[in-house]
Each structure stands twice: as structure tokens, then as C-alpha cells.
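> Data file final21.cif (mmCIF, C-alpha atoms) is appended below.
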data_protein
#
loop_
_atom_site.label_atom_id
_atom_site.label_comp_id
_atom_site.auth_asym_id
_atom_site.auth_seq_id
_atom_site.Cartn_x
_atom_site.Cartn_y
_atom_site.Cartn_z
CA MET A 1 61.47 23.29 35.35
CA LYS A 2 59.33 25.01 37.94
CA LYS A 3 58.68 22.84 41.00
CA VAL A 4 55.16 22.09 42.23
CA PHE A 5 54.62 20.33 45.57
CA LEU A 6 51.42 18.54 46.56
CA ILE A 7 51.05 18.03 50.30
CA GLY A 8 48.24 15.85 51.61
CA ASN A 9 47.57 13.52 54.47
CA ALA A 10 47.88 10.23 52.56
CA SER A 11 49.40 9.09 49.26
CA ASN A 12 46.42 6.89 48.40
CA GLY A 13 43.96 9.79 48.42
CA LEU A 14 46.27 11.97 46.35
CA TYR A 15 46.65 9.23 43.75
CA ILE A 16 42.97 8.36 43.53
CA PHE A 17 41.42 11.84 43.65
CA ARG A 18 44.21 14.13 42.32
CA ARG A 19 45.68 11.89 39.64
CA GLU A 20 44.40 13.91 36.69
CA VAL A 21 45.66 17.16 38.23
CA ILE A 22 49.06 15.52 38.78
CA GLU A 23 49.20 14.19 35.22
CA ALA A 24 48.41 17.64 33.82
CA LEU A 25 51.06 19.25 36.04
CA LEU A 26 53.71 16.73 34.98
CA GLU A 27 53.40 17.94 31.39
CA LYS A 28 54.79 21.35 32.43
CA TYR A 29 56.36 21.10 35.89
CA SER A 30 58.46 18.96 38.19
CA VAL A 31 56.01 17.42 40.69
CA THR A 32 56.77 16.21 44.21
CA VAL A 33 54.14 14.55 46.41
CA CYS A 34 54.50 14.77 50.20
CA ALA A 35 52.21 12.55 52.27
CA LYS A 36 52.01 9.62 54.61
CA ASN A 37 52.55 6.54 52.47
CA ASN A 38 49.50 4.31 52.75
CA GLY A 39 49.97 2.30 49.61
CA SER A 40 50.15 4.45 46.45
CA GLY A 41 53.76 5.63 46.54
CA PRO A 42 54.86 3.33 43.67
CA GLU A 43 51.89 4.39 41.51
CA LEU A 44 52.72 8.06 42.02
CA GLN A 45 56.36 7.40 41.13
CA ALA A 46 55.23 5.55 38.00
CA LEU A 47 53.37 8.68 36.90
CA GLY A 48 56.64 10.59 37.14
CA CYS A 49 56.36 12.15 40.60
CA ARG A 50 59.00 12.35 43.25
CA VAL A 51 57.51 11.00 46.50
CA LEU A 52 58.53 12.16 49.97
CA GLU A 53 56.94 10.48 52.98
CA THR A 54 55.82 12.59 55.93
CA GLU A 55 54.67 11.31 59.30
CA LEU A 56 51.12 12.40 59.99
CA ASP A 57 48.60 11.17 62.56
CA PHE A 58 45.27 11.75 60.80
CA HIS A 59 43.22 12.27 63.96
CA GLY A 60 45.89 13.03 66.56
CA THR A 61 45.69 16.09 68.79
CA ASN A 62 48.95 15.73 70.72
CA PRO A 63 50.43 19.26 70.63
CA PHE A 64 54.01 17.99 70.51
CA ALA A 65 53.23 15.77 67.50
CA GLU A 66 51.47 18.71 65.82
CA LEU A 67 54.46 20.99 66.39
CA LYS A 68 56.75 18.30 65.02
CA LEU A 69 54.62 18.04 61.87
CA ALA A 70 54.61 21.82 61.42
CA GLY A 71 58.40 21.84 61.80
CA GLU A 72 58.76 18.98 59.32
CA TYR A 73 56.77 20.88 56.70
CA LYS A 74 58.77 24.07 57.27
CA LYS A 75 62.10 22.26 56.98
CA LEU A 76 60.94 20.48 53.83
CA ILE A 77 59.77 23.66 52.10
CA ARG A 78 62.84 25.65 53.15
CA THR A 79 65.17 22.92 51.86
CA GLU A 80 63.36 22.02 48.62
CA LYS A 81 62.30 25.56 47.63
CA PRO A 82 59.18 24.70 45.57
CA ASP A 83 57.77 27.41 43.30
CA VAL A 84 54.19 26.69 44.39
CA VAL A 85 52.62 24.34 46.94
CA LEU A 86 49.19 22.68 46.75
CA THR A 87 47.73 21.53 50.08
CA TYR A 88 44.82 19.20 50.77
CA THR A 89 42.95 18.28 53.98
CA ILE A 90 43.03 20.03 57.34
CA LYS A 91 46.52 19.45 58.76
CA PRO A 92 48.44 20.13 55.53
CA ASN A 93 46.24 23.19 54.90
CA VAL A 94 47.06 24.53 58.36
CA TYR A 95 50.66 23.51 59.02
CA ALA A 96 52.07 23.52 55.49
CA GLY A 97 50.13 26.75 54.94
CA MET A 98 51.87 28.31 57.94
CA ALA A 99 55.23 27.18 56.60
CA CYS A 100 54.55 28.60 53.13
CA ALA A 101 53.39 31.91 54.62
CA ALA A 102 56.49 32.20 56.79
CA LEU A 103 58.84 31.33 53.91
CA LYS A 104 56.94 33.44 51.34
CA VAL A 105 56.23 30.47 49.07
CA PRO A 106 53.00 30.69 47.01
CA TYR A 107 50.38 28.12 47.97
CA ILE A 108 46.89 26.93 47.06
CA ALA A 109 44.72 25.25 49.69
CA ASN A 110 41.81 22.89 49.10
CA ILE A 111 39.11 22.66 51.81
CA THR A 112 38.07 19.02 51.39
CA GLY A 113 35.55 19.27 54.25
CA LEU A 114 35.46 21.11 57.55
CA GLY A 115 35.93 18.04 59.74
CA THR A 116 34.10 17.24 62.96
CA ALA A 117 36.36 19.51 65.03
CA VAL A 118 34.97 22.53 63.19
CA GLU A 119 31.44 21.41 62.41
CA ASN A 120 30.53 20.18 65.88
CA GLY A 121 31.37 23.50 67.54
CA GLY A 122 32.58 23.75 71.11
CA LEU A 123 36.17 23.89 72.30
CA MET A 124 37.70 22.10 69.31
CA GLN A 125 36.15 24.61 66.92
CA LYS A 126 37.55 27.48 69.01
CA ILE A 127 41.00 25.90 68.76
CA THR A 128 40.81 24.85 65.10
CA LEU A 129 39.44 28.01 63.48
CA PRO A 130 42.31 30.29 64.62
CA LEU A 131 44.78 27.66 63.38
CA TYR A 132 42.99 27.56 60.04
CA ARG A 133 42.90 31.36 59.91
CA HIS A 134 46.65 31.47 60.50
CA GLY A 135 47.35 28.73 57.98
CA LEU A 136 45.30 30.31 55.19
CA ARG A 137 46.13 33.96 55.85
CA LYS A 138 48.52 34.30 52.90
CA ALA A 139 47.11 31.62 50.57
CA ASP A 140 47.13 32.70 46.95
CA MET A 141 43.93 30.72 46.36
CA VAL A 142 41.58 28.73 48.58
CA PHE A 143 39.39 26.19 46.80
CA PHE A 144 36.13 25.07 48.43
CA GLN A 145 34.19 21.95 47.48
CA ASN A 146 30.72 23.12 48.49
CA THR A 147 28.97 26.42 49.16
CA GLU A 148 28.15 25.63 52.80
CA ASN A 149 31.83 25.21 53.70
CA ARG A 150 32.67 28.37 51.74
CA ASP A 151 30.01 30.48 53.39
CA PHE A 152 30.92 29.23 56.88
CA MET A 153 34.63 29.98 56.47
CA LEU A 154 33.94 33.43 55.02
CA LYS A 155 31.49 34.25 57.80
CA LYS A 156 34.12 33.28 60.38
CA HIS A 157 36.73 35.41 58.56
CA VAL A 158 38.99 32.41 58.10
CA VAL A 159 39.63 33.27 54.45
CA SER A 160 40.31 36.85 53.41
CA GLY A 161 42.09 36.42 50.06
CA GLU A 162 41.20 34.83 46.73
CA TYR A 163 38.84 31.84 46.75
CA ASP A 164 36.86 29.77 44.28
CA LEU A 165 34.43 26.85 44.20
CA LEU A 166 35.27 23.43 42.74
CA PRO A 167 32.83 20.62 41.93
CA GLY A 168 34.41 18.56 44.71
CA SER A 169 37.27 16.48 43.37
CA GLY A 170 35.20 15.92 40.25
CA VAL A 171 34.92 12.49 38.66
CA ASN A 172 36.82 10.90 35.80
CA LEU A 173 34.03 10.12 33.35
CA GLU A 174 36.19 7.73 31.35
CA ARG A 175 37.46 5.72 34.31
CA PHE A 176 33.92 5.60 35.71
CA ALA A 177 32.11 4.92 32.47
CA LEU A 178 28.37 4.28 32.20
CA LEU A 179 27.68 0.65 33.15
CA ASP A 180 24.77 -1.50 32.05
CA TYR A 181 22.11 -1.55 34.75
CA PRO A 182 21.80 -4.97 36.50
CA GLU A 183 18.98 -7.08 35.07
CA GLY A 184 18.68 -9.70 37.81
CA GLU A 185 15.64 -9.95 40.08
CA THR A 186 17.64 -9.04 43.19
CA VAL A 187 17.87 -5.41 44.27
CA ASP A 188 21.46 -5.00 45.47
CA PHE A 189 22.04 -2.10 47.87
CA VAL A 190 25.68 -1.09 48.35
CA MET A 191 27.39 1.00 51.01
CA MET A 192 31.08 1.75 50.41
CA SER A 193 32.70 3.98 53.01
CA ARG A 194 34.86 4.23 56.05
CA LEU A 195 32.54 2.39 58.40
CA LEU A 196 32.18 5.18 60.93
CA ARG A 197 29.10 6.02 62.98
CA GLU A 198 28.97 9.46 61.29
CA LYS A 199 28.92 7.85 57.85
CA GLY A 200 25.59 6.23 58.72
CA ILE A 201 26.66 2.59 58.94
CA GLY A 202 24.35 2.08 61.94
CA GLN A 203 21.32 3.26 59.97
CA TYR A 204 22.33 1.10 57.00
CA LEU A 205 22.58 -2.02 59.18
CA ASP A 206 19.21 -1.21 60.79
CA ALA A 207 17.69 -0.99 57.32
CA ALA A 208 19.35 -4.23 56.25
CA GLU A 209 17.83 -6.12 59.16
CA TYR A 210 14.32 -4.83 58.45
CA ILE A 211 14.38 -4.99 54.65
CA ARG A 212 15.96 -8.45 54.45
CA ALA A 213 13.30 -9.80 56.83
CA ASN A 214 10.53 -8.45 54.63
CA TYR A 215 11.87 -8.47 51.07
CA SER A 216 13.53 -11.68 49.94
CA ASN A 217 14.60 -10.16 46.62
CA THR A 218 17.16 -7.83 48.23
CA ALA A 219 20.83 -7.96 49.15
CA PHE A 220 22.91 -5.58 51.28
CA HIS A 221 26.61 -5.21 50.53
CA VAL A 222 29.12 -3.44 52.77
CA PHE A 223 32.58 -2.34 51.57
CA GLY A 224 35.14 -0.65 53.78
CA ASP A 225 37.45 -1.15 56.73
CA CYS A 226 35.47 -2.20 59.80
CA THR A 227 35.91 -0.02 62.89
CA PRO A 228 35.96 -1.66 66.35
CA GLU A 229 32.62 -0.06 67.24
CA PHE A 230 30.75 -2.01 64.55
CA LYS A 231 32.91 -5.11 64.10
CA GLU A 232 30.83 -7.47 66.25
CA ARG A 233 27.55 -6.40 64.68
CA ILE A 234 28.89 -6.56 61.11
CA ASP A 235 30.41 -10.00 61.72
CA LYS A 236 27.11 -11.28 63.14
CA LEU A 237 24.99 -9.89 60.29
CA ASN A 238 27.46 -11.23 57.74
CA GLU A 239 27.37 -14.70 59.31
CA ASN A 240 23.57 -14.87 59.35
CA GLY A 241 23.24 -13.64 55.77
CA THR A 242 21.65 -10.26 56.47
CA ILE A 243 24.56 -8.47 54.80
CA VAL A 244 27.53 -9.43 52.65
CA TYR A 245 30.66 -7.86 54.12
CA HIS A 246 33.41 -7.57 51.51
CA GLY A 247 36.02 -5.62 53.48
CA PHE A 248 38.10 -2.90 51.88
CA THR A 249 38.49 -2.75 48.10
CA ASN A 250 40.31 -0.54 45.62
CA ASP A 251 38.20 -1.88 42.75
CA ALA A 252 35.36 0.64 42.90
CA VAL A 253 34.18 -0.10 39.35
CA SER A 254 33.37 -3.70 40.29
CA VAL A 255 31.39 -2.42 43.29
CA TYR A 256 29.25 -0.14 41.12
CA ARG A 257 28.79 -2.91 38.55
CA LEU A 258 27.25 -5.03 41.33
CA SER A 259 25.07 -2.22 42.69
CA SER A 260 21.41 -1.54 41.96
CA CYS A 261 21.57 1.48 44.25
CA THR A 262 24.38 3.12 46.23
CA VAL A 263 23.42 4.14 49.78
CA HIS A 264 25.33 6.88 51.58
CA PRO A 265 23.39 7.84 54.75
CA THR A 266 26.14 10.11 56.05
CA TYR A 267 26.02 12.88 58.60
CA TYR A 268 29.80 13.35 58.42
CA PRO A 269 31.26 16.75 57.34
CA GLU A 270 31.78 15.94 53.66
CA GLY A 271 33.57 18.13 51.15
CA MET A 272 31.93 16.42 48.19
CA SER A 273 31.15 12.71 48.28
CA ASN A 274 33.35 10.86 45.80
CA VAL A 275 31.34 7.66 46.25
CA LEU A 276 28.19 9.45 45.09
CA LEU A 277 29.96 11.09 42.14
CA GLU A 278 31.43 7.78 41.00
CA SER A 279 28.10 5.98 41.47
CA CYS A 280 26.26 8.54 39.36
CA ALA A 281 28.96 8.44 36.68
CA SER A 282 28.51 4.64 36.57
CA GLY A 283 24.76 5.02 36.08
CA ARG A 284 23.65 4.01 39.55
CA PRO A 285 20.80 5.60 41.53
CA ILE A 286 21.76 6.94 44.94
CA ILE A 287 20.10 7.30 48.36
CA THR A 288 21.75 9.90 50.56
CA THR A 289 21.20 12.68 53.07
CA ASP A 290 20.35 16.34 52.62
CA ARG A 291 23.66 17.80 53.73
CA ALA A 292 26.58 19.66 52.18
CA GLY A 293 28.64 17.43 49.92
CA CYS A 294 25.65 15.22 49.11
CA ARG A 295 22.74 17.55 48.33
CA GLU A 296 24.67 19.00 45.39
CA ILE A 297 24.68 15.55 43.73
CA ILE A 298 21.20 14.23 44.57
CA GLU A 299 17.97 15.40 42.94
CA ASP A 300 15.19 13.82 44.99
CA GLY A 301 13.05 11.52 42.86
CA VAL A 302 15.21 12.12 39.78
CA ASN A 303 18.50 10.27 40.32
CA GLY A 304 17.64 8.81 43.73
CA PHE A 305 16.06 9.66 47.06
CA VAL A 306 16.96 11.98 49.92
CA VAL A 307 16.76 10.66 53.50
CA LYS A 308 16.79 12.40 56.86
CA GLN A 309 20.08 12.30 58.73
CA ARG A 310 20.37 9.69 61.51
CA SER A 311 16.93 8.25 60.67
CA SER A 312 16.79 4.49 60.15
CA GLU A 313 13.02 4.75 59.68
CA ASP A 314 13.30 7.21 56.80
CA LEU A 315 16.08 5.19 55.20
CA ILE A 316 13.89 2.06 55.34
CA ALA A 317 10.97 3.99 53.83
CA LYS A 318 13.07 5.28 50.93
CA MET A 319 14.53 1.84 50.29
CA GLU A 320 11.03 0.37 50.18
CA LYS A 321 10.07 3.10 47.73
CA PHE A 322 13.05 2.20 45.57
CA ILE A 323 12.29 -1.54 45.69
CA ALA A 324 8.75 -0.81 44.48
CA LEU A 325 9.97 1.01 41.36
CA PRO A 326 9.86 -0.79 38.01
CA TRP A 327 13.24 -1.84 36.62
CA GLU A 328 12.99 0.75 33.84
CA GLN A 329 12.52 3.59 36.34
CA ARG A 330 15.48 2.48 38.45
CA ARG A 331 17.61 2.40 35.30
CA GLU A 332 16.39 5.86 34.26
CA MET A 333 17.37 7.22 37.70
CA GLY A 334 20.88 5.93 37.05
CA LEU A 335 20.98 7.56 33.61
CA ALA A 336 19.78 10.85 35.13
CA GLY A 337 22.68 10.71 37.58
CA ARG A 338 25.13 10.15 34.73
CA ARG A 339 23.78 13.17 32.85
CA LYS A 340 24.08 15.31 35.98
CA VAL A 341 27.74 14.53 36.62
CA GLU A 342 28.55 15.01 32.94
CA ARG A 343 27.09 18.53 33.18
CA GLU A 344 28.42 19.57 36.57
CA PHE A 345 31.17 17.34 37.96
CA ASP A 346 33.62 16.43 35.19
CA ARG A 347 37.09 16.26 36.77
CA ARG A 348 38.48 18.22 33.84
CA ILE A 349 36.82 21.29 35.40
CA VAL A 350 39.00 20.80 38.49
CA VAL A 351 42.15 20.31 36.42
CA ALA A 352 41.51 23.50 34.43
CA LYS A 353 40.97 25.59 37.57
CA TYR A 354 44.20 24.35 39.14
CA LEU A 355 46.23 24.99 36.00
CA ASP A 356 44.80 28.50 35.67
CA ALA A 357 45.56 29.31 39.31
CA ILE A 358 49.12 27.97 39.14
CA GLU A 359 49.90 29.73 35.87
CA SER A 360 48.57 32.99 37.31
CA ILE A 361 50.78 32.63 40.39
CA LEU A 362 53.92 31.76 38.42
CA LYS A 363 53.46 34.72 36.07
CA ASP A 364 53.70 37.18 38.96
#
Could you write out this structure as C-alpha cells?

Amino acid sequence: MKKVFLIGNASNGLYIFRREVIEALLEKYSVTVCAKNNGSGPELQALGCRVLETELDFHGTNPFAELKLAGEYKKLIRTEKPDVVLTYTIKPNVYAGMACAALKVPYIANITGLGTAVENGGLMQKITLPLYRHGLRKADMVFFQNTENRDFMLKKHVVSGEYDLLPGSGVNLERFALLDYPEGETVDFVMMSRLLREKGIGQYLDAAEYIRANYSNTAFHVFGDCTPEFKERIDKLNENGTIVYHGFTNDAVSVYRLSSCTVHPTYYPEGMSNVLLESCASGRPIITTDRAGCREIIEDGVNGFVVKQRSSEDLIAKMEKFIALPWEQRREMGLAGRRKVEREFDRRIVVAKYLDAIESILKD
């Protein structure tokens, strides 16, 4: 059988967001997953994958560690001789891409977001873009998840070969089936994210403090690993009842079942927000920002509301607007979101594009 390698930064993300692609590949190819093991190695093996762990520091910039990672990828690809390699996220795209180019192994890269190093400009962008250019220079296909990322990378001449646009990672419409809309009197707002400043957790907590003081029929739920920057504030607000902090969960369906509205006030460089896609698939209205990776999913006033980035005041205003809606209108917003993802974001679209690209490569 032909050998397909998937190289990403973490096994959990590959299992959650690439599972359907992997399952489709396993019907025709031998599949090996290479990533840092953060919990989903056994699940990937149960699907039928071979799993190889690689050491990767997600946010590290130590040049010696980066060279070591690049060397690890090159040794792996030289030894294993895959027929085609699929890469995801920045470091695998760059370093595994370089290895594939040097060893003349076909590869397909997926730009899952530009990352702060690129988006924020300055010195890190000047360092990162040439690396990206070198890593993608011989890619057989580069997939983008939104038009803003695509246009930026083309303008900077980072990508010169074949490219295409995906609807993010798509969403599994069976796994995230339409849920009944909550009928209780409480309006339950939910934020589920890495609790980073750039994801808008500060604005969400500001809104929770104001709204809870003025609207007794509301609840604010927070799901995700707490970063040191916000731990003290989250602990305090959880203790006094302003929010309910649940910690990290893998049971996203239960989160959306609880939710009246999913809030994602991000100003982080998204590829395409999976939380928003899953929320819409589940029939939940959304409140999010007008930025790449979110604006493609939100239709203001139809399946939720758009808020200004970094603005607690605007987030509060939109939440008040949502609270004032009749139950039937909130439910209809959720149904509108479901219809939108059915039309535009079915994960089967992503699977089909990958299979077509791989088959085209292996024919040559």
C-alpha cells in the first residue's frame, strides 16, 4: 500500500479535527501520524494508524531546538520513505516541508492560521515569512482556511505553486447534530477556548461582571485550561458566582447542549474557528468578532451578533441585545447557523479535496 504521513503539532488536534480525513485515507493507504502525543495516541491507533511521537515545543523559538526538530523530520522522512506527506500548523508546515522538498517527497500543507508571529508584523514576521517561503516552495498543494490568509501569503510571495481554499477543518454534521434549544428561563452564555488574552477572555469576564450584576436570569460558563495571567481573576469570579469555571473538557457536545449562546470574542489569528462551526452545527447562536476565521461563519443578526475586537462595551451591548430577544428568535438564530454550516462547512468537503489532491499526486 502507498504510505501517507500526517505531521502536526499535537496528536489530539489531529484526532479531533482530521479524523474523517484519516478514516477516508485508511480505506486506501497505510497511514502514519507524527505529532507530539498529548492524549490521543491510543485513539489514533484504534482507527488503524501507526503513531510516531515527535518532540515539539509549540511556542518555542530556541534556534537549537528548531534545528533539532527540522533534523528529526528529515531523518524520519528519509528513513520511512512516505509516498506523500500532509502537514498541519506552522512548524510542521515549515520544517517538515523543508525536509520533503530536500528529499523530493510530495507534500500538502494546510495553513491553519498565520499565528501571531506573522500577523503582528515586526521582527518575528521578517524571520517567519522567509522560513515559510522556504518550507512551502515545493509543496504540491497548499490549503488555506480563509481568504484573508490566502491573500496575505500570495501577496508576500510565500506560495508560488498550487493552492486551494478549504472551509476550515469543516464540521462533522453527524457528530455535532442539531440539539434542542434550551427551554429554561436562564440565558446561558458559554466560552470554550484556550483562555488566552488574544482569545478575548478578558472581555468575556468584563461582560460577565456587568451582565450578572444587572440580569439575574443569566449564567456565564467558561471551559478551557486557565493560563497564569487569568487564573486569579477566574478563581475569584468562580468563587463569587459571577462565572462557572468548568476547566478543560473533551465533551464538546455537552457544552453546546448547555449553551444558549456561544461567545467567541477573539482577536487571535484564527484559521477557521472550530468552536463556532460546532456551535452552529449544534443549533446555537454565536457572538463573535469581525475577523478572518470568524466572519465567514457569522451573519450579523441572522445566526448571532458581531462585536468589535477588544471591546468589552460592545460585547456587553450585544449580549444585552441577545438577552432581550424572545426565545423563539434565539432558537431561530441557532437554526439559521445550522443551515449555514450544512451549506458551506460540511467536513466531507474537506475530505473530498484531500482525496482528490492525494490521488492526483500519486498518479504522477
> Applying 10 Å and only C-alpha atoms, which residues near Ile316 (chain A) remain after dropping the ones on its own chain fewer than 5 positions away? List them as a short mmCIF file (atom, residue, chain, number, x, y, z; two decimals) with C-alpha atoms, keeping the file's coordinate frame.

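Ended up saving to out.cif:
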data_model
loop_
_atom_site.label_atom_id
_atom_site.label_comp_id
_atom_site.auth_asym_id
_atom_site.auth_seq_id
_atom_site.Cartn_x
_atom_site.Cartn_y
_atom_site.Cartn_z
CA GLN A 203 21.32 3.26 59.97
CA TYR A 204 22.33 1.10 57.00
CA ASP A 206 19.21 -1.21 60.79
CA ALA A 207 17.69 -0.99 57.32
CA ALA A 208 19.35 -4.23 56.25
CA GLU A 209 17.83 -6.12 59.16
CA TYR A 210 14.32 -4.83 58.45
CA ILE A 211 14.38 -4.99 54.65
CA VAL A 307 16.76 10.66 53.50
CA SER A 311 16.93 8.25 60.67
CA LYS A 321 10.07 3.10 47.73
CA PHE A 322 13.05 2.20 45.57
#
> Find, counting all atoms listed in the file, the residue in A:Tyr73, A:Ser279, A:Val84, A:Ala35 that gets nearest to Glu359 (chain A).
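For Glu359 (chain A), the nearest of the candidates is A:Val84.
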> Identify, on the basis of all atoms listed in the file, every residue whose closest approach to Ser169 (chain A) does not exceed 10 Å; exclude the query and any residue fewer than 4 positions from it along the same chain; express the result as a VMD selection string.
chain A and resid 16 to 18 21 110 112 145 271 to 274 277 345 to 351
> Please provide as a PyMOL selection string all residues within 12 Å of region 154-163 of chain A, with the sequence filter that same-chain residues fewer than 6 positions apart are discarded (counting all atoms listed in the file).
chain A and resi 94+107-111+114+118+125-126+128-145+147-148+353-354+357+361
> Which value, in Å to one decimal, gives the distance between CA of Arg212 (chain A) and CA of Glu299 (chain A)?
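Straight-line distance from CA of Arg212 (chain A) to CA of Glu299 (chain A) works out to 26.6 Å.
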